[in-house]
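*Asks:* Coordinates in work-v3.cif, mmCIF, C-alpha atoms, are listed below.
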data_run
loop_
_atom_site.label_atom_id
_atom_site.label_comp_id
_atom_site.auth_asym_id
_atom_site.auth_seq_id
_atom_site.Cartn_x
_atom_site.Cartn_y
_atom_site.Cartn_z
CA MET A 275 -23.84 -331.48 106.37
CA ARG A 276 -23.69 -333.94 109.22
CA LEU A 277 -24.20 -336.77 106.80
CA LEU A 278 -21.39 -335.46 104.71
CA LEU A 279 -18.98 -335.18 107.61
CA THR A 280 -19.81 -338.70 108.63
CA LEU A 281 -19.11 -339.93 105.15
CA VAL A 282 -15.80 -338.13 104.90
CA LEU A 283 -14.79 -339.45 108.31
CA LEU A 284 -15.83 -342.98 107.47
CA ILE A 285 -13.87 -343.01 104.31
CA THR A 286 -10.76 -341.40 105.66
CA ASN A 287 -10.85 -343.63 108.74
CA GLY A 288 -11.23 -346.51 106.39
CA VAL A 289 -7.87 -345.60 104.95
CA ALA A 290 -6.27 -345.33 108.33
CA SER A 291 -7.43 -348.77 109.34
CA GLY A 292 -6.58 -350.20 105.97
CA ALA A 293 -10.01 -351.82 105.79
CA LEU A 294 -11.28 -350.05 102.71
CA ALA A 295 -7.96 -350.05 100.96
CA GLN A 296 -8.16 -353.78 100.64
CA ASP A 297 -11.13 -353.45 98.39
CA SER A 298 -9.80 -350.87 96.00
CA LEU A 299 -12.90 -350.82 93.82
CA ALA A 300 -15.19 -349.97 96.71
CA TYR A 301 -12.64 -347.41 97.73
CA ILE A 302 -12.58 -345.75 94.36
CA GLU A 303 -16.38 -345.60 94.28
CA ALA A 304 -16.43 -343.99 97.71
CA ARG A 305 -13.91 -341.40 96.67
CA LYS A 306 -15.87 -340.60 93.55
CA GLN A 307 -18.88 -340.15 95.78
CA ILE A 308 -17.08 -337.42 97.71
CA MET A 309 -16.05 -335.75 94.47
CA LYS A 310 -19.67 -335.91 93.36
CA PHE A 311 -20.74 -334.08 96.51
CA VAL A 312 -18.13 -331.44 95.76
CA GLY A 313 -19.68 -331.12 92.31
CA GLY A 314 -23.13 -330.86 93.85
CA GLU A 315 -22.11 -327.98 96.09
CA MET A 316 -20.66 -326.13 93.14
CA ARG A 317 -23.76 -326.80 91.11
CA ARG A 318 -25.79 -325.07 93.81
CA LEU A 319 -23.43 -322.11 94.04
CA GLY A 320 -22.92 -321.59 90.29
CA PRO A 321 -26.35 -320.15 89.46
CA MET A 322 -25.99 -317.83 92.46
CA ALA A 323 -22.65 -316.56 91.20
CA GLN A 324 -24.25 -316.13 87.80
CA GLY A 325 -27.04 -314.03 89.32
CA ARG A 326 -29.74 -316.47 88.27
CA VAL A 327 -30.55 -317.25 91.89
CA ASP A 328 -30.51 -314.67 94.71
CA PHE A 329 -27.47 -314.51 96.99
CA ASN A 330 -28.10 -316.41 100.22
CA ALA A 331 -25.44 -316.07 102.90
CA ASP A 332 -26.60 -319.17 104.77
CA ILE A 333 -26.29 -321.46 101.79
CA VAL A 334 -22.95 -319.93 100.85
CA GLN A 335 -21.58 -320.43 104.34
CA LEU A 336 -22.66 -324.02 104.54
CA SER A 337 -21.47 -324.95 101.07
CA GLY A 338 -18.14 -323.21 101.55
CA GLN A 339 -17.62 -325.10 104.77
CA SER A 340 -18.46 -328.49 103.29
CA LEU A 341 -16.13 -327.82 100.40
CA ALA A 342 -13.32 -326.99 102.79
CA VAL A 343 -13.98 -330.16 104.81
CA MET A 344 -14.04 -332.35 101.78
CA ALA A 345 -10.91 -330.73 100.39
CA SER A 346 -9.04 -331.58 103.57
CA SER A 347 -9.74 -335.23 102.94
CA TYR A 348 -8.39 -335.25 99.37
CA PRO A 349 -4.78 -336.22 100.08
CA LEU A 350 -6.08 -339.26 102.00
CA LEU A 351 -8.34 -340.43 99.22
CA PHE A 352 -5.62 -341.73 96.95
CA PRO A 353 -3.69 -344.41 98.87
CA PRO A 354 -1.36 -346.73 96.94
CA GLY A 355 -3.35 -349.54 95.36
CA THR A 356 -6.11 -347.23 94.11
CA LYS A 357 -4.17 -345.95 91.15
CA SER A 358 -6.35 -347.80 88.68
CA GLY A 359 -9.50 -349.88 88.61
CA GLY A 360 -13.22 -349.25 88.20
CA ARG A 361 -13.96 -346.03 86.46
CA THR A 362 -11.34 -343.97 88.18
CA GLN A 363 -10.11 -340.94 86.34
CA ALA A 364 -7.26 -340.33 88.73
CA ALA A 365 -4.09 -339.47 86.83
CA PRO A 366 -0.98 -341.47 87.77
CA LEU A 367 0.71 -338.18 88.60
CA ILE A 368 -1.26 -338.07 91.89
CA PHE A 369 0.70 -341.11 93.04
CA ASP A 370 4.02 -339.89 91.65
CA ASP A 371 3.70 -336.38 93.01
CA PRO A 372 1.59 -336.60 96.19
CA LYS A 373 3.07 -333.36 97.47
CA GLY A 374 1.95 -331.33 94.48
CA PHE A 375 -1.46 -332.91 94.72
CA ALA A 376 -1.77 -332.08 98.40
CA GLU A 377 -0.89 -328.46 97.63
CA LYS A 378 -3.72 -328.27 95.12
CA ALA A 379 -6.07 -329.76 97.68
CA ALA A 380 -4.96 -327.11 100.17
CA GLU A 381 -5.78 -324.42 97.61
CA LEU A 382 -9.23 -325.90 97.35
CA ARG A 383 -9.66 -325.85 101.10
CA MET A 384 -8.63 -322.20 101.30
CA ALA A 385 -10.87 -321.24 98.41
CA GLY A 386 -13.76 -322.99 100.17
CA GLU A 387 -13.05 -321.05 103.34
CA LEU A 388 -13.08 -317.76 101.46
CA VAL A 389 -16.50 -318.61 100.05
CA GLN A 390 -17.66 -319.56 103.51
CA GLN A 391 -16.71 -316.09 104.79
CA ALA A 392 -18.37 -314.11 102.01
CA GLN A 393 -20.85 -311.61 103.44
CA SER A 394 -22.06 -309.95 100.28
CA SER A 395 -22.88 -310.99 96.78
CA GLU A 396 -19.77 -309.20 95.46
CA GLN A 397 -17.44 -310.93 97.91
CA PHE A 398 -19.07 -314.20 97.07
CA GLN A 399 -18.66 -313.73 93.36
CA ARG A 400 -14.98 -313.03 93.72
CA ALA A 401 -14.44 -316.00 96.02
CA PHE A 402 -16.47 -318.23 93.72
CA SER A 403 -14.43 -317.48 90.65
CA SER A 404 -11.16 -318.36 92.37
CA LEU A 405 -12.81 -321.50 93.73
CA ALA A 406 -13.93 -322.53 90.25
CA ALA A 407 -10.43 -321.88 88.93
CA THR A 408 -9.03 -324.23 91.59
CA CYS A 409 -11.17 -327.10 90.33
CA LYS A 410 -10.05 -326.58 86.77
CA SER A 411 -6.40 -326.29 87.59
CA CYS A 412 -6.32 -329.52 89.58
CA HIS A 413 -8.39 -331.45 87.03
CA SER A 414 -6.21 -330.40 84.14
CA GLN A 415 -3.16 -331.86 85.89
CA TYR A 416 -4.47 -334.70 88.00
CA ARG A 417 -7.60 -336.01 86.32
CA ASN A 418 -7.65 -337.99 83.09
CA MET B 288 -16.76 -350.84 64.65
CA VAL B 289 -14.77 -351.85 61.59
CA LYS B 290 -17.18 -354.69 60.91
CA GLY B 291 -20.13 -352.37 61.28
CA LEU B 292 -18.63 -349.93 58.87
CA ALA B 293 -18.03 -352.69 56.34
CA TYR B 294 -21.68 -353.75 56.53
CA LEU B 295 -22.81 -350.23 56.14
CA ALA B 296 -20.49 -349.63 53.23
CA ALA B 297 -21.85 -352.72 51.47
CA ILE B 298 -25.44 -351.63 51.99
CA VAL B 299 -24.70 -348.14 50.85
CA CYS B 300 -22.98 -349.41 47.70
CA LEU B 301 -25.78 -351.80 46.83
CA SER B 302 -28.46 -349.27 47.46
CA GLY B 303 -26.77 -346.48 45.57
CA GLY B 304 -28.68 -347.23 42.39
CA GLY B 305 -31.67 -349.29 43.43
CA PHE B 306 -33.25 -347.09 45.98
CA LEU B 307 -33.27 -343.86 44.11
CA TYR B 308 -37.02 -343.89 43.99
CA LEU B 309 -37.05 -343.40 47.73
CA SER B 310 -35.25 -340.16 47.26
CA SER B 311 -38.49 -338.54 46.22
CA MET B 312 -39.86 -338.74 49.80
CA ALA B 313 -41.57 -335.40 50.20
CA GLY B 314 -42.12 -333.23 53.24
CA LEU B 315 -44.90 -330.84 54.16
CA SER B 316 -46.08 -328.05 51.86
CA ASP B 317 -46.59 -324.56 53.27
CA ALA B 318 -50.36 -325.05 53.24
CA GLU B 319 -50.11 -328.40 55.06
CA LEU B 320 -47.86 -326.86 57.67
CA LYS B 321 -50.26 -324.01 58.23
CA ALA B 322 -53.14 -326.44 58.67
CA ALA B 323 -51.14 -328.42 61.25
CA LEU B 324 -50.48 -325.38 63.44
CA PRO B 325 -52.78 -324.23 66.23
CA GLU B 326 -55.10 -321.38 65.34
CA ARG B 327 -53.70 -317.90 66.00
CA PHE B 328 -50.20 -319.28 66.46
CA VAL B 329 -47.59 -316.56 66.97
CA LYS B 330 -43.84 -317.16 66.84
CA GLU B 331 -41.96 -316.18 69.98
CA VAL B 332 -38.31 -315.30 69.60
CA SER B 333 -37.47 -315.90 73.26
CA ARG B 334 -38.81 -319.46 73.16
CA GLY B 335 -36.85 -319.99 69.99
CA GLU B 336 -33.69 -318.83 71.72
CA LEU B 337 -34.11 -321.50 74.39
CA ILE B 338 -34.68 -324.18 71.75
CA PHE B 339 -31.57 -322.98 69.95
CA HIS B 340 -29.42 -323.46 73.04
CA MET B 341 -30.97 -326.79 73.93
CA GLY B 342 -30.33 -327.98 70.40
CA GLY B 343 -26.69 -326.94 70.37
CA CYS B 344 -27.01 -325.50 66.84
CA ALA B 345 -24.04 -323.21 67.39
CA HIS B 346 -21.77 -326.10 68.42
CA CYS B 347 -21.77 -327.31 64.85
CA HIS B 348 -22.85 -324.31 62.77
CA SER B 349 -20.50 -321.65 64.07
CA HIS B 350 -16.74 -321.47 63.97
CA SER B 351 -16.72 -317.88 65.09
CA ASP B 352 -15.95 -316.71 68.64
CA ASN B 353 -19.33 -315.07 68.39
CA LYS B 354 -21.60 -318.09 68.59
CA THR B 355 -24.52 -316.24 67.02
CA ILE B 356 -22.74 -316.04 63.67
CA LEU B 357 -23.92 -319.27 62.09
CA ILE B 358 -21.74 -319.11 59.02
CA GLY B 359 -20.82 -322.80 59.19
CA GLY B 360 -18.70 -324.93 61.43
CA LYS B 361 -15.26 -326.32 61.93
CA GLY B 362 -14.95 -329.77 60.50
CA LEU B 363 -16.75 -332.54 62.38
CA GLU B 364 -14.37 -335.48 62.20
CA THR B 365 -15.86 -338.97 62.19
CA ASP B 366 -14.80 -342.39 60.97
CA PHE B 367 -16.75 -341.67 57.76
CA GLY B 368 -14.78 -338.55 56.98
CA THR B 369 -15.17 -334.87 57.84
CA PHE B 370 -18.51 -333.06 57.78
CA TYR B 371 -18.85 -329.30 57.53
CA ALA B 372 -22.10 -327.95 58.94
CA PRO B 373 -23.36 -325.33 56.46
CA ASN B 374 -24.26 -321.67 56.82
CA ILE B 375 -27.68 -321.38 58.50
CA SER B 376 -27.53 -317.64 59.10
CA PRO B 377 -30.30 -315.49 57.59
CA ASP B 378 -28.13 -314.65 54.56
CA LYS B 379 -30.43 -315.06 51.57
CA GLU B 380 -27.83 -316.41 49.16
CA THR B 381 -25.50 -318.62 51.21
CA GLY B 382 -27.60 -319.13 54.35
CA ILE B 383 -31.23 -320.07 54.89
CA GLY B 384 -32.67 -316.54 54.79
CA ALA B 385 -34.80 -317.35 51.76
CA TRP B 386 -36.33 -320.52 53.22
CA SER B 387 -40.03 -320.85 53.89
CA ASP B 388 -41.31 -322.20 57.19
CA ALA B 389 -42.05 -325.52 55.50
CA ASP B 390 -38.52 -325.73 54.05
CA PHE B 391 -37.15 -325.36 57.56
CA VAL B 392 -39.54 -327.86 59.13
CA ASN B 393 -38.80 -330.43 56.42
CA ALA B 394 -35.07 -330.07 56.96
CA MET B 395 -35.39 -330.39 60.75
CA ARG B 396 -37.92 -333.22 60.81
CA GLU B 397 -37.44 -335.20 57.63
CA GLY B 398 -33.83 -334.44 56.80
CA ILE B 399 -34.77 -333.19 53.34
CA SER B 400 -33.44 -330.02 51.73
CA PRO B 401 -35.68 -327.61 49.80
CA GLU B 402 -34.25 -329.22 46.64
CA GLY B 403 -35.35 -332.65 47.89
CA GLN B 404 -31.87 -333.92 48.80
CA HIS B 405 -31.28 -336.10 51.85
CA TYR B 406 -29.14 -334.85 54.67
CA TYR B 407 -26.48 -336.88 56.40
CA PRO B 408 -27.31 -337.87 59.95
CA SER B 409 -24.36 -335.80 61.16
CA PHE B 410 -27.17 -333.24 61.25
CA PRO B 411 -29.21 -334.80 64.08
CA TYR B 412 -32.60 -334.47 62.39
CA LEU B 413 -33.79 -337.89 63.56
CA SER B 414 -33.91 -336.40 67.05
CA TYR B 415 -35.13 -332.97 65.99
CA ALA B 416 -38.06 -334.81 64.35
CA GLN B 417 -39.42 -335.21 67.88
CA VAL B 418 -39.65 -331.45 68.43
CA SER B 419 -43.09 -329.86 68.16
CA LEU B 420 -43.87 -327.83 65.03
CA THR B 421 -44.50 -324.77 67.14
CA ASP B 422 -41.11 -325.01 68.86
CA LEU B 423 -39.44 -325.38 65.47
CA LEU B 424 -41.11 -322.23 64.24
CA HIS B 425 -40.13 -320.32 67.39
CA LEU B 426 -36.61 -321.50 66.65
CA LYS B 427 -36.79 -320.25 63.08
CA ALA B 428 -38.00 -316.88 64.34
CA TYR B 429 -34.98 -316.67 66.64
CA LEU B 430 -32.54 -317.66 63.88
CA GLU B 431 -33.96 -314.81 61.77
CA THR B 432 -32.88 -312.29 64.41
CA LEU B 433 -29.21 -313.36 64.19
CA PRO B 434 -26.66 -311.62 61.92
CA ALA B 435 -26.70 -312.59 58.25
CA ALA B 436 -23.25 -313.90 57.37
CA HIS B 437 -22.15 -314.40 53.78
CA GLY B 438 -20.00 -317.44 52.99
CA ARG B 439 -20.14 -321.13 52.24
CA ALA B 440 -18.73 -323.94 54.35
CA PRO B 441 -16.34 -326.33 52.58
CA GLU B 442 -17.75 -329.50 50.99
CA HIS B 443 -17.80 -332.59 53.20
CA GLN B 444 -14.70 -334.75 52.82
CA LEU B 445 -16.15 -338.25 53.02
CA PHE B 446 -14.69 -341.61 52.17
CA PHE B 447 -16.24 -343.72 49.45
CA PRO B 448 -19.02 -344.89 49.52
CA PHE B 449 -20.39 -342.51 52.11
CA ASN B 450 -20.02 -339.66 49.68
CA ILE B 451 -22.95 -340.93 47.58
CA ARG B 452 -25.72 -338.74 48.94
CA PRO B 453 -28.74 -340.40 47.25
CA ALA B 454 -27.85 -343.66 48.99
CA LEU B 455 -28.87 -342.01 52.25
CA ALA B 456 -32.46 -342.67 51.24
CA PHE B 457 -32.02 -346.31 52.10
CA TRP B 458 -30.31 -345.60 55.38
CA LYS B 459 -33.15 -343.28 56.34
CA VAL B 460 -35.68 -346.04 55.83
CA LEU B 461 -33.72 -348.18 58.29
CA ALA B 462 -33.18 -345.37 60.71
CA GLN B 463 -36.71 -344.01 60.70
CA ARG B 464 -38.37 -347.39 61.02
CA ASP B 465 -38.51 -347.38 64.76
CA VAL B 466 -38.55 -343.72 65.57
CA PRO B 467 -41.61 -343.45 67.81
CA ASP B 468 -44.19 -341.01 66.54
CA ASN B 469 -45.38 -340.06 70.00
CA ARG B 470 -44.37 -336.45 69.83
CA ILE B 471 -44.92 -335.29 73.33
CA ASP B 472 -46.67 -332.04 73.89
CA ASP B 473 -44.14 -329.24 74.30
CA SER B 474 -46.17 -327.86 77.21
CA SER B 475 -45.77 -330.98 79.32
CA GLU B 476 -44.04 -330.75 82.70
CA GLY B 477 -41.89 -332.84 85.03
CA TRP B 478 -40.32 -335.98 83.65
CA GLU B 479 -42.42 -335.74 80.48
CA ARG B 480 -40.81 -332.44 79.72
CA GLY B 481 -37.50 -334.17 80.32
CA GLN B 482 -38.47 -336.86 77.85
CA TYR B 483 -39.41 -334.20 75.30
CA ILE B 484 -36.05 -332.45 75.65
CA VAL B 485 -33.80 -335.51 75.86
CA ASN B 486 -35.28 -337.38 72.90
CA GLY B 487 -35.94 -334.34 70.79
CA ILE B 488 -34.11 -331.06 70.76
CA GLY B 489 -31.42 -332.21 73.22
CA HIS B 490 -30.46 -335.11 70.89
CA CYS B 491 -28.69 -336.79 73.80
CA GLY B 492 -29.07 -340.21 72.18
CA VAL B 493 -26.90 -339.21 69.23
CA CYS B 494 -23.91 -339.69 71.50
CA HIS B 495 -25.26 -341.78 74.38
CA THR B 496 -27.27 -344.48 72.58
CA PRO B 497 -25.27 -347.35 71.09
CA ARG B 498 -25.58 -347.93 67.35
CA ASP B 499 -26.35 -351.12 65.47
CA VAL B 500 -24.37 -352.43 62.51
CA PHE B 501 -26.16 -350.02 60.20
CA PHE B 502 -25.08 -347.17 62.38
CA VAL B 503 -28.67 -346.59 63.44
CA GLU B 504 -29.33 -345.75 67.11
CA ASP B 505 -30.34 -349.00 68.81
CA LYS B 506 -33.69 -348.06 70.32
CA SER B 507 -33.78 -351.24 72.35
CA ARG B 508 -30.86 -349.93 74.41
CA PRO B 509 -31.62 -346.24 74.79
CA PHE B 510 -28.94 -344.14 76.51
CA MET B 511 -26.92 -347.19 77.50
CA GLY B 512 -23.65 -345.55 76.48
CA ALA B 513 -21.77 -345.56 73.20
CA LYS B 514 -18.33 -345.28 71.70
CA ALA B 515 -17.24 -341.91 70.38
CA LEU B 516 -17.86 -341.23 66.69
CA LYS B 517 -14.18 -340.72 66.26
CA ASP B 518 -11.51 -343.05 67.55
CA GLY B 519 -9.52 -341.65 70.43
CA GLU B 520 -12.28 -339.43 71.77
CA LYS B 521 -14.03 -339.96 75.09
CA ALA B 522 -16.91 -342.41 75.00
CA ALA B 523 -20.34 -341.20 76.11
CA PRO B 524 -21.21 -343.25 79.20
CA ARG B 525 -24.53 -344.80 80.01
CA ILE B 526 -26.98 -342.22 81.34
CA ALA B 527 -30.13 -344.35 81.60
CA GLY B 528 -31.04 -344.97 85.22
CA LEU B 529 -28.17 -342.80 86.41
CA ASP B 530 -28.45 -341.14 89.78
CA ALA B 531 -30.22 -337.76 89.35
CA ASP B 532 -27.43 -335.86 91.08
CA LYS B 533 -24.92 -337.07 88.53
CA ILE B 534 -27.14 -335.91 85.70
CA LEU B 535 -27.63 -332.50 87.28
CA ASN B 536 -23.88 -332.24 87.78
CA ALA B 537 -23.26 -333.08 84.15
CA LEU B 538 -25.45 -330.16 83.06
CA SER B 539 -23.65 -327.70 85.31
CA GLU B 540 -20.39 -326.15 84.21
CA TRP B 541 -19.39 -325.47 87.83
CA SER B 542 -19.82 -329.01 89.11
CA GLY B 543 -16.58 -329.96 87.39
CA ALA B 544 -18.14 -333.30 86.43
CA ILE B 545 -17.51 -332.98 82.73
CA ASP B 546 -14.06 -332.96 81.24
CA GLU B 547 -13.48 -329.79 79.21
CA ARG B 548 -11.85 -331.85 76.48
CA SER B 549 -14.89 -334.07 75.96
CA SER B 550 -17.62 -333.54 73.37
CA MET B 551 -20.12 -333.19 76.23
CA TYR B 552 -18.59 -329.96 77.46
CA LEU B 553 -20.31 -327.76 74.88
CA VAL B 554 -23.63 -329.32 75.90
CA THR B 555 -22.77 -328.59 79.53
CA LEU B 556 -21.94 -324.96 78.76
CA SER B 557 -25.17 -324.36 76.83
CA TYR B 558 -27.31 -325.92 79.51
CA SER B 559 -25.50 -324.12 82.35
CA HIS B 560 -25.90 -320.72 80.81
CA HIS B 561 -29.14 -320.79 78.89
CA VAL B 562 -31.46 -323.50 80.11
CA PRO B 563 -33.64 -323.00 83.20
CA LEU B 564 -32.86 -325.14 86.23
CA GLU B 565 -36.39 -326.62 86.17
CA ASP B 566 -35.52 -328.11 82.80
CA HIS B 567 -32.34 -329.62 84.27
CA GLU B 568 -34.52 -331.24 86.92
CA ALA B 569 -36.95 -332.51 84.31
CA ILE B 570 -34.12 -334.09 82.31
CA ALA B 571 -32.62 -335.70 85.40
CA ASP B 572 -36.02 -336.95 86.49
CA TYR B 573 -36.67 -338.59 83.14
CA LEU B 574 -33.26 -340.22 82.70
CA ALA B 575 -33.06 -341.41 86.30
CA ARG B 576 -36.39 -343.22 85.86
CA LEU B 577 -35.24 -345.24 82.88
CA GLU B 578 -34.62 -348.96 83.47
CA GLN B 579 -31.38 -349.65 85.24
#
As structure tokens - that is how I would like this structure written.
*Replies:*
Amino acid sequence: MRLLLTLVLLITNGVASGALAQDSLAYIEARKQIMKFVGGEMRRLGPMAQGRVDFNADIVQLSGQSLAVMASSYPLLFPPGTKSGGRTQAAPLIFDDPKGFAEKAAELRMAGELVQQAQSSEQFQRAFSSLAATCKSCHSQYRN
Amino acid sequence: MVKGLAYLAAIVCLSGGGFLYLSSMAGLSDAELKAALPERFVKEVSRGELIFHMGGCAHCHSHSDNKTILIGGKGLETDFGTFYAPNISPDKETGIGAWSDADFVNAMREGISPEGQHYYPSFPYLSYAQVSLTDLLHLKAYLETLPAAHGRAPEHQLFFPFNIRPALAFWKVLAQRDVPDNRIDDSSEGWERGQYIVNGIGHCGVCHTPRDVFFVEDKSRPFMGAKALKDGEKAAPRIAGLDADKILNALSEWSGAIDERSSMYLVTLSYSHHVPLEDHEAIADYLARLEQ
């Protein structure tokens, strides 16, 4: 978790200082790395939502929190100049409609927080399915 | 791609007549199969069910919402034309309900029908050839528990000269020449289990390994990424030496890593819902170890 926070901070600070943005390829790779962590959290939670792995409130809390943190960084991860290059799958719409994109990211943050607060397996399952829907809805619009 | 197809077309045309003798390549008889099996072997439906999901049989052989009705598939579009995976339900007349164990094994491992015809490689038997005999028979036992569905799939709609089935004999000689015969034990664990799944029942190389001019998987560049079989579809990226986390993500529906519109997504769904997480780890372990 600490590692993750550091990474998110590094990358988002990188934007602020303009350092990373100069090397758009490195920037895109770093952003994909964050997305990959998001995927990794979901991969851990999925089998729990499916009932294949026992509900564990500690894991759920931690994962929900990291998802919310990472989601908060999303609007900063797509500065001008990183529209294309490398293996980015970012849709141009992100750059044309940053407001819409930021709203989707906020939905992700809130869905992560709901997961974080889940106390029981039932609450978790409900929160997880809206979280999973958030991923799909943003990808279908903003990812190629 | 176009050049490759032209080569292949030429070979197929030339070989159409000359290589007919190859078309008598025979598979195992029932007695030979029996002799090759361990003593006191018993088929287990539940193991067969896992093999079924790992092999993605329903992706191609079912067009029903109920993926256990294997009446035949939607068309599989490729640059060679459209293939229709046939009925493999237990129906005795239009499915494979009347097949012996040896008929099934010969289809899955040698790509030969009970009548001795060659199958097109759109049926990934070159990979399934790496599956143990026992796992294949567990699979057959599972297929026998599924509903019998009566009906035939349409004929394949292939462009000339790919519609000359006997010419496949020649292609198979090319394609089988460097298929390793090191069939790994199906009881292996760790990365060896991953190797068994990826190269065999998982048939990952069908999409992820580049093909040579004869359209044979290029075994010198395993899993290095390949173009889609149909223009306009997403390419299958390189997965050899990929970071294990990425591989695990790709096998999980929830990770969001795989685009729902890509041909990988059905693989992702099967593995998310039906394949144990230890097997995901084994697959990731094996692929991540491959040369960068």
*Asks:* Please determine the contact residues of chain B with respect to chain A at a cut-off of 9 Å, counting all atoms listed in the file, and supply them as a ChimeraX atom specification.
*Replies:* /B:532-533,535-536,538-544,546-547,559-560,564
*Asks:* Distance CA of Asp422 in chain B-CA of Ala394 in chain B, one decimal place?
*Replies:*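 CA of Asp422 in chain B sits 14.3 Å away from CA of Ala394 in chain B.
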*Asks:* Pick the closest to His340 in chain B from B:Asp530, B:Tyr406, B:Leu577, B:Lys354: which is it, counting only C-alpha atoms?
*Replies:*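 When distances to His340 in chain B are compared using only C-alpha atoms, the smallest one comes from B:Lys354.
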*Asks:* Evaluate the PyMOL selection byres ((chain B and resi 482) around 10) and record the selected residues as a PyMOL selection string, following the chain and residue labels used in the document.
*Replies:* chain B and resi 470-471+475-481+483-487+489+569-574
*Asks:* Using the chain letters and numbering of this document, enumerate as a CSV table (one decimal) with C-alpha atoms, keeping the file's coordinate frame the residues selected by the PyMOL selection byres ((chain A and resi 333-340) around 10).
*Replies:*
chain,number,residue,atom,x,y,z
A,275,MET,CA,-23.8,-331.5,106.4
A,276,ARG,CA,-23.7,-333.9,109.2
A,278,LEU,CA,-21.4,-335.5,104.7
A,279,LEU,CA,-19.0,-335.2,107.6
A,311,PHE,CA,-20.7,-334.1,96.5
A,312,VAL,CA,-18.1,-331.4,95.8
A,314,GLY,CA,-23.1,-330.9,93.8
A,315,GLU,CA,-22.1,-328.0,96.1
A,316,MET,CA,-20.7,-326.1,93.1
A,318,ARG,CA,-25.8,-325.1,93.8
A,319,LEU,CA,-23.4,-322.1,94.0
A,322,MET,CA,-26.0,-317.8,92.5
A,329,PHE,CA,-27.5,-314.5,97.0
A,330,ASN,CA,-28.1,-316.4,100.2
A,331,ALA,CA,-25.4,-316.1,102.9
A,332,ASP,CA,-26.6,-319.2,104.8
A,341,LEU,CA,-16.1,-327.8,100.4
A,342,ALA,CA,-13.3,-327.0,102.8
A,343,VAL,CA,-14.0,-330.2,104.8
A,344,MET,CA,-14.0,-332.4,101.8
A,345,ALA,CA,-10.9,-330.7,100.4
A,346,SER,CA,-9.0,-331.6,103.6
A,383,ARG,CA,-9.7,-325.8,101.1
A,384,MET,CA,-8.6,-322.2,101.3
A,385,ALA,CA,-10.9,-321.2,98.4
A,386,GLY,CA,-13.8,-323.0,100.2
A,387,GLU,CA,-13.0,-321.0,103.3
A,388,LEU,CA,-13.1,-317.8,101.5
A,389,VAL,CA,-16.5,-318.6,100.0
A,390,GLN,CA,-17.7,-319.6,103.5
A,391,GLN,CA,-16.7,-316.1,104.8
A,392,ALA,CA,-18.4,-314.1,102.0
A,393,GLN,CA,-20.8,-311.6,103.4
A,395,SER,CA,-22.9,-311.0,96.8
A,398,PHE,CA,-19.1,-314.2,97.1
A,401,ALA,CA,-14.4,-316.0,96.0
A,402,PHE,CA,-16.5,-318.2,93.7
A,405,LEU,CA,-12.8,-321.5,93.7
*Asks:* List the residues selected by the PyMOL selection byres ((chain B and resi 329) around 9) in the file shown, writing them as a short mmCIF file (atom, residue, chain, number, x, y, z; two decimals) with C-alpha atoms, in the frame of the given file.
*Replies:*
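Contents of part.cif, as written:
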data_model
loop_
_atom_site.label_atom_id
_atom_site.label_comp_id
_atom_site.auth_asym_id
_atom_site.auth_seq_id
_atom_site.Cartn_x
_atom_site.Cartn_y
_atom_site.Cartn_z
CA ARG B 327 -53.70 -317.90 66.00
CA PHE B 328 -50.20 -319.28 66.46
CA LYS B 330 -43.84 -317.16 66.84
CA GLU B 331 -41.96 -316.18 69.98
CA THR B 421 -44.50 -324.77 67.14
CA HIS B 425 -40.13 -320.32 67.39
#
*Asks:* Env of Ala365 in chain A: 12 Å cut, atoms = all atoms listed in the file, seq-sep filter 6 positions within chain, self excluded. Answer as a PyMOL selection string.
*Replies:* chain A and resi 352+356-359+371-372+375+412-418
*Asks:* Considering all atoms listed in the file, can you say which of B:Ala385, B:Val460, B:Leu413, B:Leu424 comes closest to Gly398 in chain B?
*Replies:*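 Ranking B:Ala385, B:Val460, B:Leu413, B:Leu424 by distance to Gly398 in chain B, first place goes to B:Leu413.
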*Asks:* Just give me the gap between CA of Asp518 in chain B and CA of Thr365 in chain B in Å, one decimal is fine.
*Replies:*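 These atoms are spaced 8.0 Å apart.
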*Asks:* So how far away is CA of Ala523 in chain B from CA of Phe510 in chain B, in Å?
*Replies:*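 Pair CA of Phe510 in chain B / CA of Ala523 in chain B returns 9.1 Å.
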*Asks:* Write out as a ChimeraX atom specification the residues lying within 7 Å of range 367-370 of chain B, counting only C-alpha atoms and excluding same-chain residues fewer than 3 positions away.
*Replies:* /B:362-364,443-446,449
*Asks:* So which one's closest to Leu299 in chain A, A:Gly325, A:Gly360, A:Pro354, A:Pro366? Using only C-alpha atoms, please.
*Replies:* A:Gly360
*Asks:* Take every atom of range 528-531 of chain B listed in the file, fit an axis-aligned box around them, add 3 Å per side, and give the centre and edge lengths in Å to one decimal as AutoDock Vina command-line options.
*Replies:*
--center_x -29.6 --center_y -341.4 --center_z 87.5 --size_x 8.9 --size_y 13.2 --size_z 10.6
*Asks:* Determine, counting all atoms listed in the file, which protein, DNA and RNA residues have an atom within 9 Å of an atom of Thr432 in chain B; residues of the same chain fewer than 5 positions away are not included. Present the result as a list in words.
*Replies:* Val332, Pro377 and Lys427 of chain B
*Asks:* Could you check the closest approach to Ile488 in chain B for each of B:Trp386, B:Tyr412, B:Phe391, B:Tyr371 and tell me which residue wins, using all atoms listed in the file?
*Replies:*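 Comparing B:Trp386, B:Tyr412, B:Phe391, B:Tyr371 against Ile488 in chain B, the winner is B:Tyr412.
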